[in-house]
Each structure stands twice: as C-alpha cells, then as structure tokens.
>>> print(open('coords_25.txt').read())   # compact mmCIF, C-alpha atoms and all ligand atoms
# COMPACT_ATOMS: atom_id res chain seq x y z
CA THR A 1 51.87 -55.59 44.85
CA THR A 2 54.03 -52.52 45.04
CA SER A 3 53.14 -49.01 45.98
CA SER A 4 55.28 -47.71 43.13
CA GLU A 5 52.92 -49.19 40.55
CA THR A 6 52.20 -46.45 38.05
CA LYS A 7 48.92 -45.54 36.46
CA THR A 8 48.38 -47.15 33.05
CA ARG A 9 49.31 -44.65 30.39
CA GLY A 10 46.83 -43.52 27.78
CA ARG A 11 46.97 -44.82 24.24
CA LEU A 12 48.09 -42.84 21.23
CA ILE A 13 45.74 -43.65 18.37
CA LEU A 14 46.17 -42.19 14.90
CA LEU A 15 43.45 -41.80 12.27
CA GLU A 16 44.74 -41.00 8.80
CA GLY A 17 43.27 -40.58 5.35
CA LEU A 18 42.69 -38.27 2.41
CA ASP A 19 40.71 -35.06 2.62
CA ARG A 20 37.03 -35.92 3.29
CA ALA A 21 37.83 -39.50 4.34
CA GLY A 22 35.80 -38.95 7.49
CA LYS A 23 38.69 -38.61 9.95
CA THR A 24 37.16 -35.90 12.13
CA THR A 25 33.81 -37.73 12.23
CA GLN A 26 35.44 -41.03 13.24
CA CYS A 27 37.80 -39.41 15.78
CA ARG A 28 34.80 -37.92 17.56
CA LEU A 29 32.82 -41.18 17.51
CA LEU A 30 35.82 -43.20 18.73
CA CYS A 31 36.42 -40.68 21.51
CA ASP A 32 32.75 -40.88 22.56
CA TYR A 33 33.02 -44.67 22.63
CA LEU A 34 36.18 -44.69 24.77
CA ILE A 35 34.67 -42.13 27.15
CA SER A 36 31.54 -44.30 27.50
CA LEU A 37 33.82 -47.17 28.56
CA ASN A 38 36.38 -45.36 30.68
CA GLY A 39 34.70 -42.18 31.86
CA ALA A 40 34.83 -38.46 31.23
CA GLY A 41 38.32 -37.11 30.59
CA SER A 42 39.72 -40.50 29.65
CA CYS A 43 40.18 -39.49 26.02
CA ARG A 44 40.66 -36.44 23.82
CA VAL A 45 41.09 -35.67 20.13
CA GLN A 46 44.08 -33.69 18.87
CA LYS A 47 43.71 -32.22 15.41
CA VAL A 48 46.92 -31.99 13.36
CA PRO A 49 47.84 -29.45 12.17
CA ASP A 50 46.92 -27.44 15.25
CA ARG A 51 46.00 -24.21 13.47
CA THR A 52 45.85 -22.18 16.70
CA THR A 53 49.58 -21.71 17.24
CA GLN A 54 51.68 -19.13 15.36
CA ILE A 55 53.10 -21.84 13.15
CA GLY A 56 49.59 -23.24 12.77
CA GLN A 57 48.39 -19.87 11.54
CA MET A 58 51.11 -19.80 8.90
CA ILE A 59 50.03 -23.29 7.80
CA ASN A 60 46.41 -22.18 7.71
CA SER A 61 47.25 -19.22 5.56
CA TYR A 62 49.23 -21.48 3.18
CA LEU A 63 46.37 -24.01 2.94
CA ALA A 64 43.91 -21.22 2.22
CA SER A 65 46.30 -20.09 -0.56
CA ASN A 66 46.72 -16.69 1.05
CA THR A 67 50.48 -17.18 1.12
CA THR A 68 52.96 -19.14 -0.95
CA LEU A 69 55.99 -20.92 0.48
CA PRO A 70 58.64 -23.22 -0.95
CA ASP A 71 57.57 -26.88 -0.69
CA GLN A 72 60.47 -27.58 1.68
CA SER A 73 59.47 -24.72 3.98
CA ILE A 74 55.83 -25.76 4.37
CA HIS A 75 56.96 -29.34 4.93
CA LEU A 76 59.16 -28.24 7.82
CA LEU A 77 56.43 -26.00 9.26
CA PHE A 78 54.01 -28.95 9.41
CA SER A 79 56.71 -30.92 11.22
CA ALA A 80 57.49 -28.03 13.58
CA ASN A 81 53.77 -27.87 14.38
CA ARG A 82 53.88 -31.52 15.49
CA TRP A 83 56.93 -30.81 17.67
CA GLU A 84 54.92 -28.04 19.35
CA LEU A 85 52.33 -30.67 20.31
CA ARG A 86 54.79 -33.23 21.64
CA GLU A 87 54.81 -32.17 25.27
CA SER A 88 51.04 -31.91 25.69
CA ILE A 89 50.54 -35.28 23.99
CA LEU A 90 53.08 -36.94 26.27
CA SER A 91 51.69 -35.39 29.42
CA SER A 92 48.14 -36.50 28.53
CA LEU A 93 49.35 -40.05 27.90
CA MET A 94 51.30 -40.11 31.16
CA ALA A 95 48.22 -38.85 33.03
CA GLY A 96 46.33 -41.86 31.67
CA GLN A 97 44.40 -39.99 28.98
CA THR A 98 44.13 -41.53 25.52
CA VAL A 99 44.92 -39.15 22.68
CA ILE A 100 43.34 -39.65 19.27
CA LEU A 101 45.27 -37.89 16.54
CA ASP A 102 43.31 -36.51 13.57
CA ARG A 103 46.25 -36.76 11.09
CA TYR A 104 49.97 -36.84 12.00
CA VAL A 105 53.35 -37.80 10.52
CA PRO A 106 52.03 -40.01 7.66
CA SER A 107 50.06 -37.02 6.30
CA GLY A 108 53.17 -34.89 6.57
CA VAL A 109 55.20 -37.34 4.53
CA ALA A 110 52.50 -38.43 2.04
CA TYR A 111 51.32 -34.94 1.01
CA SER A 112 54.90 -33.75 0.50
CA LEU A 113 55.96 -36.86 -1.42
CA ALA A 114 52.92 -36.51 -3.67
CA LYS A 115 54.28 -33.21 -4.96
CA GLY A 116 57.06 -35.12 -6.70
CA VAL A 117 59.85 -32.68 -5.84
CA ASP A 118 63.24 -34.24 -6.65
CA SER A 119 65.05 -33.18 -3.48
CA MET A 120 62.19 -34.35 -1.22
CA SER A 121 62.73 -38.09 -0.94
CA LEU A 122 60.95 -40.35 1.55
CA GLU A 123 64.06 -40.14 3.70
CA TRP A 124 64.26 -36.34 3.55
CA CYS A 125 60.57 -36.01 4.38
CA THR A 126 60.82 -38.40 7.33
CA ALA A 127 63.98 -37.00 8.92
CA PRO A 128 62.44 -34.09 10.89
CA GLU A 129 59.79 -36.42 12.36
CA ARG A 130 62.28 -38.67 14.12
CA GLY A 131 61.88 -38.51 17.88
CA LEU A 132 58.18 -37.62 17.94
CA PRO A 133 55.83 -39.86 19.96
CA ARG A 134 55.02 -43.04 18.06
CA PRO A 135 51.35 -44.05 17.75
CA ASP A 136 50.33 -47.34 19.36
CA LEU A 137 48.27 -48.02 16.27
CA THR A 138 47.35 -46.30 13.03
CA ILE A 139 44.06 -46.52 11.20
CA PHE A 140 44.01 -45.54 7.55
CA LEU A 141 40.53 -44.55 6.41
CA ASP A 142 40.79 -45.45 2.77
CA ILE A 143 38.63 -43.76 0.14
CA ASP A 144 38.80 -43.73 -3.60
CA PRO A 145 38.71 -39.98 -4.35
CA GLU A 146 36.66 -40.50 -7.56
CA ASN A 147 34.15 -42.60 -5.68
CA ALA A 148 33.94 -40.28 -2.67
CA LYS A 149 33.05 -37.38 -4.96
CA LEU A 150 29.80 -39.15 -5.82
CA GLN A 151 28.63 -39.21 -2.18
CA SER A 152 26.55 -36.12 -1.60
CA THR A 153 27.41 -35.73 2.11
CA ARG A 154 31.06 -35.54 1.20
CA ALA A 155 30.05 -33.03 -1.45
CA ASP A 156 32.76 -31.35 -3.42
CA PHE A 157 36.19 -30.82 -1.97
CA GLY A 158 36.54 -27.49 -0.27
CA GLN A 159 38.60 -24.57 -1.42
CA GLU A 160 41.89 -25.57 0.16
CA ARG A 161 45.11 -26.03 -1.72
CA TYR A 162 45.32 -29.82 -1.81
CA GLU A 163 41.63 -30.52 -2.37
CA VAL A 164 41.88 -31.54 -6.02
CA THR A 165 40.98 -35.08 -7.12
CA GLU A 166 44.08 -35.62 -9.25
CA PHE A 167 46.40 -34.64 -6.39
CA GLN A 168 44.42 -36.76 -3.91
CA GLU A 169 45.00 -39.83 -6.14
CA LYS A 170 48.73 -39.22 -5.80
CA VAL A 171 48.50 -38.71 -2.05
CA ARG A 172 46.64 -42.01 -1.76
CA GLU A 173 49.51 -43.83 -3.50
CA CYS A 174 52.02 -42.08 -1.26
CA PHE A 175 50.08 -43.01 1.89
CA LYS A 176 50.33 -46.63 0.80
CA LYS A 177 54.12 -46.30 0.46
CA VAL A 178 54.49 -44.54 3.79
CA LEU A 179 52.28 -47.02 5.64
CA ALA A 180 53.83 -50.11 4.03
CA LYS A 181 55.91 -52.40 6.23
CA GLY A 182 59.46 -51.17 6.68
CA ALA A 183 58.81 -47.52 5.73
CA LEU A 184 57.69 -45.60 8.82
CA ASP A 185 56.97 -47.30 12.15
CA VAL A 186 53.62 -45.90 13.25
CA GLY A 187 52.53 -49.07 15.06
CA PRO A 188 50.27 -51.70 13.57
CA VAL A 189 48.40 -50.26 10.58
CA PHE A 190 44.74 -51.05 9.88
CA THR A 191 43.33 -50.06 6.50
CA ILE A 192 39.58 -49.59 6.60
CA ASP A 193 37.30 -49.03 3.62
CA ALA A 194 35.83 -45.64 4.49
CA CYS A 195 33.46 -45.43 1.50
CA ARG A 196 30.74 -47.13 3.55
CA THR A 197 28.25 -45.78 6.08
CA ILE A 198 29.59 -43.89 9.10
CA GLU A 199 28.29 -46.69 11.39
CA GLN A 200 30.04 -49.44 9.42
CA VAL A 201 33.31 -47.55 9.49
CA THR A 202 33.02 -46.86 13.23
CA ALA A 203 32.45 -50.55 13.95
CA ASP A 204 35.72 -51.42 12.18
CA VAL A 205 37.59 -48.56 13.88
CA VAL A 206 36.46 -49.77 17.31
CA ARG A 207 37.39 -53.36 16.44
CA ALA A 208 40.88 -52.30 15.40
CA VAL A 209 41.39 -50.24 18.57
CA ASP A 210 40.14 -53.06 20.80
CA SER A 211 42.50 -55.53 19.12
CA VAL A 212 45.67 -53.69 20.13
CA VAL A 213 46.94 -54.21 23.66
CA VAL A 214 49.29 -51.52 24.88
CA SER A 215 51.83 -52.64 27.42
CA GLY A 216 54.53 -50.76 29.25
CA SER A 217 54.43 -47.26 30.62
CA GLU A 218 56.88 -45.79 28.12
CA VAL A 219 55.73 -44.09 24.94
CA SER A 220 57.97 -45.09 22.02
CA THR A 221 59.43 -42.56 19.65
CA LEU A 222 59.45 -42.55 15.87
CA LEU A 223 62.79 -43.76 14.58
N1 LIG B 301 48.60 -31.74 5.54
C1 LIG B 301 48.36 -32.10 6.84
C2 LIG B 301 49.92 -31.72 5.02
O1 LIG B 301 50.13 -31.40 3.87
N2 LIG B 301 50.96 -32.03 5.86
C3 LIG B 301 50.77 -32.38 7.17
O2 LIG B 301 51.75 -32.64 7.89
C4 LIG B 301 49.41 -32.42 7.68
C5 LIG B 301 49.17 -32.78 9.09
C6 LIG B 301 44.83 -30.30 6.50
C7 LIG B 301 45.44 -30.28 5.12
O3 LIG B 301 46.84 -30.23 5.30
C8 LIG B 301 47.47 -31.33 4.68
C9 LIG B 301 46.41 -32.36 4.51
C10 LIG B 301 45.14 -31.54 4.31
O4 LIG B 301 45.02 -31.20 2.94
P1 LIG B 301 42.65 -30.90 7.70
O5 LIG B 301 42.62 -29.74 8.61
O6 LIG B 301 43.04 -32.20 8.29
O7 LIG B 301 43.53 -30.53 6.43
O8 LIG B 301 41.27 -31.02 7.00
P2 LIG B 301 40.74 -32.19 6.08
O9 LIG B 301 41.47 -33.45 6.13
O10 LIG B 301 40.49 -31.58 4.75
O11 LIG B 301 39.51 -32.50 6.87
P3 LIG B 301 38.16 -32.69 6.29
O12 LIG B 301 37.36 -32.11 7.33
O13 LIG B 301 37.94 -32.19 4.94
O14 LIG B 301 38.08 -34.29 6.18
P4 LIG B 301 37.78 -35.41 7.24
O15 LIG B 301 38.07 -34.99 8.63
O16 LIG B 301 38.45 -36.62 6.75
O17 LIG B 301 36.23 -35.67 7.07
P5 LIG B 301 35.01 -35.27 8.02
O18 LIG B 301 34.84 -36.27 9.06
O19 LIG B 301 35.10 -33.86 8.40
O20 LIG B 301 33.87 -35.50 6.97
C11 LIG B 301 33.73 -34.72 5.78
C12 LIG B 301 32.28 -34.77 5.29
O21 LIG B 301 31.93 -36.10 4.90
C13 LIG B 301 30.86 -36.61 5.66
C14 LIG B 301 30.81 -35.75 6.90
O22 LIG B 301 29.54 -35.73 7.46
C15 LIG B 301 31.25 -34.40 6.37
O23 LIG B 301 30.21 -33.75 5.75
N3 LIG B 301 31.14 -38.03 5.95
C16 LIG B 301 30.59 -39.05 5.29
N4 LIG B 301 29.71 -39.11 4.29
C17 LIG B 301 29.35 -40.34 3.84
N5 LIG B 301 29.82 -41.51 4.35
C18 LIG B 301 30.70 -41.51 5.37
N6 LIG B 301 31.16 -42.67 5.87
C19 LIG B 301 31.13 -40.24 5.87
N7 LIG B 301 31.98 -39.87 6.85
C20 LIG B 301 31.99 -38.53 6.89
NA NA B 302 39.05 -33.05 9.21
>>> encode(input="coords_25.txt", output="structure tokens")
Amino acid sequence: TTSSETKTRGRLILLEGLDRAGKTTQCRLLCDYLISLNGAGSCRVQKVPDRTTQIGQMINSYLASNTTLPDQSIHLLFSANRWELRESILSSLMAGQTVILDRYVPSGVAYSLAKGVDSMSLEWCTAPERGLPRPDLTIFLDIDPENAKLQSTRADFGQERYEVTEFQEKVRECFKKVLAKGALDVGPVFTIDACRTIEQVTADVVRAVDSVVVSGSEVSTLL
C-alpha cells in the first residue's frame, strides 16, 4: 500500500439517441441509481448542448429557428460548446464524480452528416472533436421515429428545427455510421431498444453500465 494512491476517478457515461428517445429520462434514472449505490454527489448529469453559455444561447436561438447560420458554422458552435465543458467534466471525473452526458460528439457528427452537405464529410465533422474527453461507454437509445410517434407520452415532436420525422430517419442512419466500429472511438457502444417501457429501458441501461469496468486514473481523449 502506498500513500500516493489516488482516488478512483469518476466514469464518463454517454447516452445518445434521436429527439424523444428518452435520453433525459434515462440520464436522471441512471444518476439516481448510481447515487443510491455510491452516495450523494457521486454522480451528475451534463446536458449537451449546454444552452446557458453565450455559445449555448446562440445554439438555442438557432434550434428555435430564431436565427439562421451556415451549416458549417452551427456545426462548429456545437463543437465549441463541448470544448467549453471540457474542464468541468475533467475536474468532476478527477474528483471521483461520475458524469453522465445527455448527448455529446456522436450527436454533433450525426446531425450534421444527416444534412447531406457535400463539404461536410465524416472526417470534416469529426476533426474539431479530437482531443475532447472520451466516454468510457456509450449507450445508444434506439427508436424508430415512425414508431415513437405512435406513443402518446412521446407525443408529437416539438417545434425545434430538427424535429421532423423524415430528418430523424436520416439522423438514425448517420448515428449507426458514427457508432460503427472503426468510425469514432466513444468506448464500447451498447444499442438499446428504447421503444419499450421506461423501466425496461432503465434495466438495460444499468446492465450496460455495470458491465464496463473502468481502470486507470487517466481519462482518454477522442482521437
Ligand atoms: N444537436 C445536438 C446537434 O445538432 N448537434 C450537437 O452537437 C448536439 C449536441 C438538441 C438538438 O440539437 C441537436 C440534436 C437535437 O435536435 P436536446 O436539447 O438534446 O436537443 O433535446 P432533445 O433531444 O430534443 O431532447 P428531448 O427532450 O426531446 O428528448 P429526450 O431527452 O430523448 O427524451 P425525454 O427523456 O425528455 O423524453 C421525451 C418524452 O417521452 C417520454 C417522456 O416522459 C417525455 O414525455 N418518454 C417515454 N414515453 C414512452 N416510453 C418510454 N420509454 C419513454 N421514455 C421517455
Ligand atoms: Na432531452
């Protein structure tokens, strides 16, 4: 035993999915579960984008269709917003707190790719994300947008820019490309059928999280 033994770092857990997949619901339930195991303060949820910063407010205004921006510009703003979060994420992890991300880099890449802009290749979209903290695992809450529309609690999509079924179908395909082996290293990826009850989905989310052992005190970076 050494006195220099450091505190175990927190885990970086990413929940991804289409609009209305149930990300925010599952992030909260997972956080409650981890707090019940490890105590108050052992876990927090970070929503991405963080709409509270200046850049976040520009993103919010774009999503609400109050402003227009070139596709490249909004892509880079979403990425810049993640860079703003880097330090607080790392310091939480180093202090032993687990951080659950409600969206992150895969959303950034998938939503931009889905627009089908020639100059915005997978490589172009990924470049500004290199160097950000890498998740220890990624959970993709998969829904079929046509199917999800029929569930009354999910109701209709909201009023935001991307909340259109046809576009969501494209985003779903792009998520699958981005999360495929060899594309973007966001840790082991678990795809969970999110068109079931909240409790069923939570059980699978918890199982996935429990199955990943995080070793080492260093947080990796996205390459
Ligand atoms: N974006 C984001 C980019 O283009 N680039 C980027 O880099 C990033 C980070 C942000 C938008 O920006 C885009 C993607 C998005 O279009 P947001 O702030 O993340 O959007 O908001 P949304 O994803 O739209 O969040 P939502 O709140 O709509 O969806 P959630 O969080 O997936 O769903 P949730 O949990 O809030 O649930 C929605 C409803 O469904 C019910 C809930 O009770 C709630 O009413 N529900 C279920 N109903 C039935 N069965 C279940 N299993 C259910 N789970 C939840
Ligand atoms: Na949400």
>>> residues_near_point(input="coords_25.txt", point="(33.5, -37.1, 15.3)", cutoff="12 Å", atoms="all atoms listed in the file", output="CSV table (one decimal) with C-alpha atoms, in the coordinates of the input")
chain,number,residue,atom,x,y,z
A,15,LEU,CA,43.4,-41.8,12.3
A,22,GLY,CA,35.8,-39.0,7.5
A,23,LYS,CA,38.7,-38.6,10.0
A,24,THR,CA,37.2,-35.9,12.1
A,25,THR,CA,33.8,-37.7,12.2
A,26,GLN,CA,35.4,-41.0,13.2
A,27,CYS,CA,37.8,-39.4,15.8
A,28,ARG,CA,34.8,-37.9,17.6
A,29,LEU,CA,32.8,-41.2,17.5
A,30,LEU,CA,35.8,-43.2,18.7
A,31,CYS,CA,36.4,-40.7,21.5
A,32,ASP,CA,32.8,-40.9,22.6
A,33,TYR,CA,33.0,-44.7,22.6
A,44,ARG,CA,40.7,-36.4,23.8
A,45,VAL,CA,41.1,-35.7,20.1
A,46,GLN,CA,44.1,-33.7,18.9
A,47,LYS,CA,43.7,-32.2,15.4
A,100,ILE,CA,43.3,-39.6,19.3
A,101,LEU,CA,45.3,-37.9,16.5
A,102,ASP,CA,43.3,-36.5,13.6
A,198,ILE,CA,29.6,-43.9,9.1
A,199,GLU,CA,28.3,-46.7,11.4
A,201,VAL,CA,33.3,-47.6,9.5
A,202,THR,CA,33.0,-46.9,13.2
>>> residues_around(input="coords_25.txt", residues="Lys149 (chain A)", least_positions_apart="5", cutoff="12 Å", atoms="all atoms listed in the file", output="PyMOL selection string")
chain A and resi 19-21+143-144+154-158+163-166+168+195
>>> atom_distance(input="coords_25.txt", atom1="atom O10 of ligand LIG 301 (chain B)", atom2="CA of Glu160 (chain A)")
7.7 Å
>>> axis_aligned_box(input="coords_25.txt", around="region 61-73 of chain A", padding_each_side="4 Å", output="AutoDock Vina command-line options")
--center_x 52.2 --center_y -22.1 --center_z 2.3 --size_x 24.6 --size_y 18.9 --size_z 14.5
>>> atom_distance(input="coords_25.txt", atom1="CA of Leu63 (chain A)", atom2="CA of Trp124 (chain A)")
21.7 Å
>>> atom_distance(input="coords_25.txt", atom1="CA of Gly96 (chain A)", atom2="atom O6 of ligand LIG 301 (chain B)")
25.5 Å
>>> closest_residue(input="coords_25.txt", among="A:Glu16, A:Asp50, A:Glu146, A:Glu173", to="Gly116 (chain A)", atoms="all atoms listed in the file")
A:Glu173
>>> closest_residue(input="coords_25.txt", among="A:Leu113, A:Leu150, A:Leu93, A:Pro145", to="Ser220 (chain A)", atoms="only C-alpha atoms")
A:Leu93
>>> residues_around(input="coords_25.txt", residues="Ile89 (chain A)", least_positions_apart="3", cutoff="12 Å", atoms="only C-alpha atoms", output="number ranges by chain")
A: 9-13, 43-48, 82-86, 92-101, 132-135, 219
>>> residues_around(input="coords_25.txt", residues="Val189 (chain A)", least_positions_apart="2", cutoff="7 Å", atoms="only C-alpha atoms", output="PyMOL selection string")
chain A and resi 137-139+187+191
>>> write_last_selection(input="coords_25.txt", atoms="C-alpha atoms", output="PDB file, in the coordinates of the input")
ATOM      1  CA  LEU A 137      48.270 -48.020  16.270  1.00  0.00           C
ATOM      2  CA  THR A 138      47.350 -46.300  13.030  1.00  0.00           C
ATOM      3  CA  ILE A 139      44.060 -46.520  11.200  1.00  0.00           C
ATOM      4  CA  GLY A 187      52.530 -49.070  15.060  1.00  0.00           C
ATOM      5  CA  THR A 191      43.330 -50.060   6.500  1.00  0.00           C
TER       6      THR A 191
END
>>> closest_residue(input="coords_25.txt", among="A:Leu34, A:Pro49, A:Val109, A:Thr67", to="ligand NA 302 (chain B)", atoms="only C-alpha atoms and all ligand atoms")
A:Pro49
>>> closest_residue(input="coords_25.txt", among="A:Asp185, A:Asp210, A:Asp71, A:Glu123", to="ligand LIG 301 (chain B)", atoms="only C-alpha atoms and all ligand atoms")
A:Asp71
>>> residues_around(input="coords_25.txt", residues="Cys174 (chain A)", least_positions_apart="3", cutoff="6 Å", atoms="all atoms listed in the file", output="PyMOL selection string")
chain A and resi 110+171+177
>>> closest_residue(input="coords_25.txt", among="A:Leu18, A:Ile192, A:Leu90, A:Val178", to="ligand NA 302 (chain B)", atoms="all atoms listed in the file")
A:Leu18
>>> closest_residue(input="coords_25.txt", among="A:Leu122, A:Ile35, A:Leu141, A:Ile55", to="ligand NA 302 (chain B)", atoms="only C-alpha atoms and all ligand atoms")
A:Leu141
>>> residues_around(input="coords_25.txt", residues="Phe167 (chain A)", least_positions_apart="4", cutoff="9 Å", atoms="all atoms listed in the file", output="PyMOL selection string")
chain A and resi 111+114-115+162-163+171-172
>>> decode(input="coords_25.txt", residues="region 103-186 of chain A", atoms="C-alpha atoms", output="PDB file, in the first residue's frame")
ATOM      1  CA  ARG A 103     -25.792  13.809 -25.887  1.00  0.00           C
ATOM      2  CA  TYR A 104     -22.215  14.566 -26.997  1.00  0.00           C
ATOM      3  CA  VAL A 105     -19.909  14.161 -30.004  1.00  0.00           C
ATOM      4  CA  PRO A 106     -21.948  11.456 -31.823  1.00  0.00           C
ATOM      5  CA  SER A 107     -24.945  13.835 -31.944  1.00  0.00           C
ATOM      6  CA  GLY A 108     -22.683  16.560 -33.271  1.00  0.00           C
ATOM      7  CA  VAL A 109     -21.458  14.374 -36.092  1.00  0.00           C
ATOM      8  CA  ALA A 110     -24.712  12.521 -36.876  1.00  0.00           C
ATOM      9  CA  TYR A 111     -26.995  15.578 -37.107  1.00  0.00           C
ATOM     10  CA  SER A 112     -24.522  17.405 -39.352  1.00  0.00           C
ATOM     11  CA  LEU A 113     -23.898  14.391 -41.597  1.00  0.00           C
ATOM     12  CA  ALA A 114     -27.647  13.897 -41.977  1.00  0.00           C
ATOM     13  CA  LYS A 115     -27.888  17.252 -43.723  1.00  0.00           C
ATOM     14  CA  GLY A 116     -26.008  15.772 -46.673  1.00  0.00           C
ATOM     15  CA  VAL A 117     -23.794  18.792 -47.312  1.00  0.00           C
ATOM     16  CA  ASP A 118     -21.010  17.868 -49.760  1.00  0.00           C
ATOM     17  CA  SER A 119     -18.148  19.589 -47.942  1.00  0.00           C
ATOM     18  CA  MET A 120     -19.153  18.105 -44.562  1.00  0.00           C
ATOM     19  CA  SER A 121     -17.720  14.594 -44.652  1.00  0.00           C
ATOM     20  CA  LEU A 122     -17.463  12.286 -41.638  1.00  0.00           C
ATOM     21  CA  GLU A 123     -13.830  13.331 -41.369  1.00  0.00           C
ATOM     22  CA  TRP A 124     -14.592  17.057 -41.543  1.00  0.00           C
ATOM     23  CA  CYS A 125     -17.330  16.727 -38.941  1.00  0.00           C
ATOM     24  CA  THR A 126     -15.120  14.749 -36.565  1.00  0.00           C
ATOM     25  CA  ALA A 127     -11.984  16.904 -36.787  1.00  0.00           C
ATOM     26  CA  PRO A 128     -12.947  19.628 -34.264  1.00  0.00           C
ATOM     27  CA  GLU A 129     -13.910  16.974 -31.687  1.00  0.00           C
ATOM     28  CA  ARG A 130     -10.438  15.467 -31.478  1.00  0.00           C
ATOM     29  CA  GLY A 131      -8.932  15.916 -28.032  1.00  0.00           C
ATOM     30  CA  LEU A 132     -12.195  16.052 -26.084  1.00  0.00           C
ATOM     31  CA  PRO A 133     -12.654  13.605 -23.183  1.00  0.00           C
ATOM     32  CA  ARG A 134     -13.564  10.146 -24.454  1.00  0.00           C
ATOM     33  CA  PRO A 135     -16.567   8.399 -22.870  1.00  0.00           C
ATOM     34  CA  ASP A 136     -15.878   5.150 -21.015  1.00  0.00           C
ATOM     35  CA  LEU A 137     -19.000   3.765 -22.627  1.00  0.00           C
ATOM     36  CA  THR A 138     -21.764   4.928 -24.920  1.00  0.00           C
ATOM     37  CA  ILE A 139     -25.385   3.869 -24.819  1.00  0.00           C
ATOM     38  CA  PHE A 140     -27.473   4.443 -27.925  1.00  0.00           C
ATOM     39  CA  LEU A 141     -31.183   4.599 -27.113  1.00  0.00           C
ATOM     40  CA  ASP A 142     -32.578   3.411 -30.386  1.00  0.00           C
ATOM     41  CA  ILE A 143     -36.075   4.351 -31.521  1.00  0.00           C
ATOM     42  CA  ASP A 144     -37.813   4.040 -34.823  1.00  0.00           C
ATOM     43  CA  PRO A 145     -39.101   7.600 -35.366  1.00  0.00           C
ATOM     44  CA  GLU A 146     -42.306   6.364 -37.091  1.00  0.00           C
ATOM     45  CA  ASN A 147     -42.993   4.001 -34.230  1.00  0.00           C
ATOM     46  CA  ALA A 148     -42.188   6.523 -31.497  1.00  0.00           C
ATOM     47  CA  LYS A 149     -44.720   8.944 -32.964  1.00  0.00           C
ATOM     48  CA  LEU A 150     -47.477   6.482 -32.078  1.00  0.00           C
ATOM     49  CA  GLN A 151     -46.624   6.558 -28.356  1.00  0.00           C
ATOM     50  CA  SER A 152     -48.769   9.208 -26.744  1.00  0.00           C
ATOM     51  CA  THR A 153     -46.281  10.135 -23.983  1.00  0.00           C
ATOM     52  CA  ARG A 154     -43.716  10.959 -26.624  1.00  0.00           C
ATOM     53  CA  ALA A 155     -46.445  12.933 -28.350  1.00  0.00           C
ATOM     54  CA  ASP A 156     -45.544  14.920 -31.407  1.00  0.00           C
ATOM     55  CA  PHE A 157     -42.073  16.260 -31.897  1.00  0.00           C
ATOM     56  CA  GLY A 158     -41.669  19.754 -30.555  1.00  0.00           C
ATOM     57  CA  GLN A 159     -41.176  22.889 -32.555  1.00  0.00           C
ATOM     58  CA  GLU A 160     -37.407  22.737 -32.885  1.00  0.00           C
ATOM     59  CA  ARG A 161     -35.548  22.747 -36.154  1.00  0.00           C
ATOM     60  CA  TYR A 162     -34.575  19.086 -36.391  1.00  0.00           C
ATOM     61  CA  GLU A 163     -37.783  17.602 -35.012  1.00  0.00           C
ATOM     62  CA  VAL A 164     -39.170  16.293 -38.294  1.00  0.00           C
ATOM     63  CA  THR A 165     -39.687  12.552 -38.832  1.00  0.00           C
ATOM     64  CA  GLU A 166     -38.027  12.428 -42.252  1.00  0.00           C
ATOM     65  CA  PHE A 167     -34.881  14.140 -40.958  1.00  0.00           C
ATOM     66  CA  GLN A 168     -34.826  11.922 -37.852  1.00  0.00           C
ATOM     67  CA  GLU A 169     -34.769   8.825 -40.113  1.00  0.00           C
ATOM     68  CA  LYS A 170     -31.613  10.197 -41.714  1.00  0.00           C
ATOM     69  CA  VAL A 171     -30.047  11.031 -38.361  1.00  0.00           C
ATOM     70  CA  ARG A 172     -30.713   7.475 -37.216  1.00  0.00           C
ATOM     71  CA  GLU A 173     -28.784   6.097 -40.203  1.00  0.00           C
ATOM     72  CA  CYS A 174     -25.946   8.532 -39.527  1.00  0.00           C
ATOM     73  CA  PHE A 175     -25.788   7.554 -35.845  1.00  0.00           C
ATOM     74  CA  LYS A 176     -25.313   3.963 -36.964  1.00  0.00           C
ATOM     75  CA  LYS A 177     -22.388   5.011 -39.189  1.00  0.00           C
ATOM     76  CA  VAL A 178     -20.811   7.140 -36.483  1.00  0.00           C
ATOM     77  CA  LEU A 179     -21.174   4.465 -33.798  1.00  0.00           C
ATOM     78  CA  ALA A 180     -19.995   1.601 -36.023  1.00  0.00           C
ATOM     79  CA  LYS A 181     -16.643   0.005 -35.225  1.00  0.00           C
ATOM     80  CA  GLY A 182     -13.723   1.962 -36.632  1.00  0.00           C
ATOM     81  CA  ALA A 183     -15.552   5.292 -37.062  1.00  0.00           C
ATOM     82  CA  LEU A 184     -15.379   7.252 -33.804  1.00  0.00           C
ATOM     83  CA  ASP A 185     -13.940   5.794 -30.600  1.00  0.00           C
ATOM     84  CA  VAL A 186     -16.504   6.590 -27.924  1.00  0.00           C
TER      85      VAL A 186
END
